[in-house]
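The next block holds one structure in the form of structure tokens; read it before the comments.
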Amino acid sequence: MESTRVDTEGLPTAEALAPLLPGGAIRVGGSYSVHESVLLAMTMLQAASAAGAWCAVVGVPSFGVEAAAAAGIDLERLVLVPDPGDQWLTVTAALADVAQIVLTRPLGRVVPGDVSRLSARLRQRGGALVALGSWPGADVSLRVTRSEWSGIGDGHGFLTERRVTVSASGRAGAGRPVDADLLLPAADGTVRAAVPTAAASGPGRTTPVLRPVAVAS
């Protein structure tokens with residue numbers, strides 16, 4: 001596993017997320033918090049996985065392999081531990097030794113000492129952590145602040161794509177939050193930057209009405 005690690009000071013991330021991250025990449029030794037959206041967290045892994053990095057997912061049973069493959073994640077370099085129980089932090093720390101990006105869902109209280117030890121291990125091994133939920137001292141926290149689906153008319157039709165605004169904030173509120181409009185997902189299942197509404201309409205084109213729909217992210 002170690003022979004396939006990506007040796008770089010910054011791990012690549014999806015082009016759509018680059019404007020939300022300092023330097024446009026995932027910092028080696030860094031930690032990132034993604035609130036509520038499994039698809040957004042999955043997108044954090046995609047580019048590094050495509051570049052040959054090992055990825056691990058701990059405590060996220062809704063992380064589906066079919067969706068991961070469709071997102072471009074290399075399943076041959078993906079370790080899944082859907083139900084680590086109360087050993088989730090131990091499992092996360094162990095996988096930080098062999099995977100360059102570890103996605104974990106915190107299932108209990110995380111104390112500063114645990115965060116410091118895990119951060120030191122990530123720096124030593126050249127990895128990074130993505131937490132699905134809150135994480136103390138996260139370099140960047142990503143949160144979907146606005147969500148609209150398109151494709152449903154007056155009570156009929158099919159959902160086609162979801163336009164969201166993702167807000168990124170730094171440690172302890174340092175600096176102003178940065179926002180980006182994304183298609184999460186687009187109609188073809190990919191995640192990419194959303195074209196501004198005016199540009200998408202263009203002369204003689206009609207902008208589709210986006211209606212809020214309460215569905216799982």
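Just so we're on the same page: first chain in the structure tokens is A, next is B, and so on; residues restart at 1 for each chain, and ligands are numbered from 1 in the order they show up.
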If you count only C-alpha atoms, which residues fall within 7 Å of Thr92 of chain A, apart from same-chain ones fewer than 3 positions away, as a PDB file with N, CA, C and O atoms, in the first residue's frame?
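around_14.pdb written:
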ATOM      1  N   VAL A  58     -14.296   5.522   7.435  1.00  0.00           N
ATOM      2  CA  VAL A  58     -14.590   4.888   8.725  1.00  0.00           C
ATOM      3  C   VAL A  58     -15.918   5.411   9.270  1.00  0.00           C
ATOM      4  O   VAL A  58     -16.116   6.622   9.401  1.00  0.00           O
ATOM      5  N   TRP A  88     -14.029   3.728  16.822  1.00  0.00           N
ATOM      6  CA  TRP A  88     -13.884   4.487  15.583  1.00  0.00           C
ATOM      7  C   TRP A  88     -12.602   5.325  15.562  1.00  0.00           C
ATOM      8  O   TRP A  88     -11.940   5.422  14.533  1.00  0.00           O
ATOM      9  N   LEU A  89     -12.239   5.914  16.715  1.00  0.00           N
ATOM     10  CA  LEU A  89     -11.044   6.760  16.733  1.00  0.00           C
ATOM     11  C   LEU A  89      -9.773   5.912  16.609  1.00  0.00           C
ATOM     12  O   LEU A  89      -8.827   6.290  15.902  1.00  0.00           O
ATOM     13  N   LEU A  95      -5.708   3.589  10.397  1.00  0.00           N
ATOM     14  CA  LEU A  95      -5.766   3.724   8.946  1.00  0.00           C
ATOM     15  C   LEU A  95      -4.987   4.934   8.455  1.00  0.00           C
ATOM     16  O   LEU A  95      -4.600   4.998   7.285  1.00  0.00           O
ATOM     17  N   ALA A  96      -4.732   5.890   9.344  1.00  0.00           N
ATOM     18  CA  ALA A  96      -3.899   7.034   8.959  1.00  0.00           C
ATOM     19  C   ALA A  96      -2.473   6.605   8.647  1.00  0.00           C
ATOM     20  O   ALA A  96      -1.721   7.343   8.007  1.00  0.00           O
ATOM     21  N   THR A 104     -13.776  10.072   8.149  1.00  0.00           N
ATOM     22  CA  THR A 104     -14.349   9.423   9.328  1.00  0.00           C
ATOM     23  C   THR A 104     -15.538  10.219   9.832  1.00  0.00           C
ATOM     24  O   THR A 104     -15.594  11.444   9.686  1.00  0.00           O
TER      25      THR A 104
END
Exercise. If you count only C-alpha atoms, which residues fall within 7 Å of Ala131 of chain A, apart from same-chain ones fewer than 2 positions away, as an MDAnalysis selection string?
Worked result: chainID A and resid 32:34 103:106 129 133:135
For this session: Find the residues near Ile101 of chain A: any atom within 12 Å, counting only C-alpha atoms, skip ones fewer than 4 places away on the same chain, and give them as number ranges by chain.
Result: A: 5-6, 10-13, 26-32, 41-49, 52-58, 73, 77-79, 92-93, 95-97, 122-123, 125-131
For this session: Please provide the set of residues having any atom within 6 Å of His35 of chain A, restricted to only C-alpha atoms, with same-chain residues fewer than 2 positions apart removed, written as a list of chain:residue names.
Result: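 The filter keeps A:Ser37, A:Leu132, A:Gly133, A:Arg143.
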Limited to all heavy atoms, could you put the picked residues into a file as a CSV table (one decimal), in the first residue's frame?
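Now in again19.csv:
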chain,number,residue,atom,x,y,z
A,37,SER,N,-23.2,16.4,4.4
A,37,SER,CA,-23.3,15.9,3.0
A,37,SER,C,-22.2,14.8,2.7
A,37,SER,O,-21.0,15.1,2.6
A,37,SER,CB,-23.1,17.1,2.0
A,37,SER,OG,-23.1,16.6,0.7
A,132,LEU,N,-16.8,13.8,8.7
A,132,LEU,CA,-18.2,14.0,8.4
A,132,LEU,C,-18.9,14.5,9.6
A,132,LEU,O,-19.4,13.7,10.4
A,132,LEU,CB,-18.8,12.8,7.8
A,132,LEU,CG,-20.2,12.9,7.2
A,132,LEU,CD1,-20.2,13.9,6.0
A,132,LEU,CD2,-20.7,11.6,6.7
A,133,GLY,N,-18.9,15.8,9.8
A,133,GLY,CA,-19.4,16.3,11.1
A,133,GLY,C,-18.4,17.3,11.7
A,133,GLY,O,-17.4,17.6,11.0
A,143,ARG,N,-19.8,23.6,4.6
A,143,ARG,CA,-21.2,23.4,4.9
A,143,ARG,C,-22.1,23.8,3.7
A,143,ARG,O,-21.9,24.9,3.2
A,143,ARG,CB,-21.6,24.2,6.2
A,143,ARG,CG,-23.0,24.0,6.7
A,143,ARG,CD,-23.3,25.0,7.8
A,143,ARG,NE,-22.3,24.9,8.9
A,143,ARG,CZ,-22.4,24.0,9.9
A,143,ARG,NH1,-23.5,23.2,10.0
A,143,ARG,NH2,-21.5,24.0,10.9
Exercise. In Å, how far is it from atom CA of Val195 of chain A to atom CA of Leu21 of chain A?
Worked result: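 Going from atom CA of Val195 of chain A over to atom CA of Leu21 of chain A, I get 19.7 Å.
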Exercise. Near segment 144-147 of chain A, within 8 Å and counting only C-alpha atoms, which residues show up once chain neighbours fewer than 4 positions away are dropped, as a ChimeraX atom specification?
Worked result: /A:35,37,162-167,212
Would you mind exporting the chosen residues as an mmCIF file, in the first residue's frame, restricted to C-alpha atoms?
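selection-v2.cif, freshly written:
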data_model
loop_
_atom_site.group_PDB
_atom_site.id
_atom_site.type_symbol
_atom_site.label_atom_id
_atom_site.label_comp_id
_atom_site.auth_asym_id
_atom_site.auth_seq_id
_atom_site.Cartn_x
_atom_site.Cartn_y
_atom_site.Cartn_z
ATOM 1 C CA HIS A 35 -21.201 18.913 7.620
ATOM 2 C CA SER A 37 -23.275 15.913 3.027
ATOM 3 C CA ARG A 162 -28.989 19.909 -7.345
ATOM 4 C CA ARG A 163 -27.595 23.442 -7.175
ATOM 5 C CA VAL A 164 -26.027 24.299 -3.831
ATOM 6 C CA THR A 165 -24.025 27.024 -2.175
ATOM 7 C CA VAL A 166 -21.130 25.648 -0.129
ATOM 8 C CA SER A 167 -19.623 27.894 2.520
ATOM 9 C CA PRO A 212 -36.366 23.287 -2.867
#
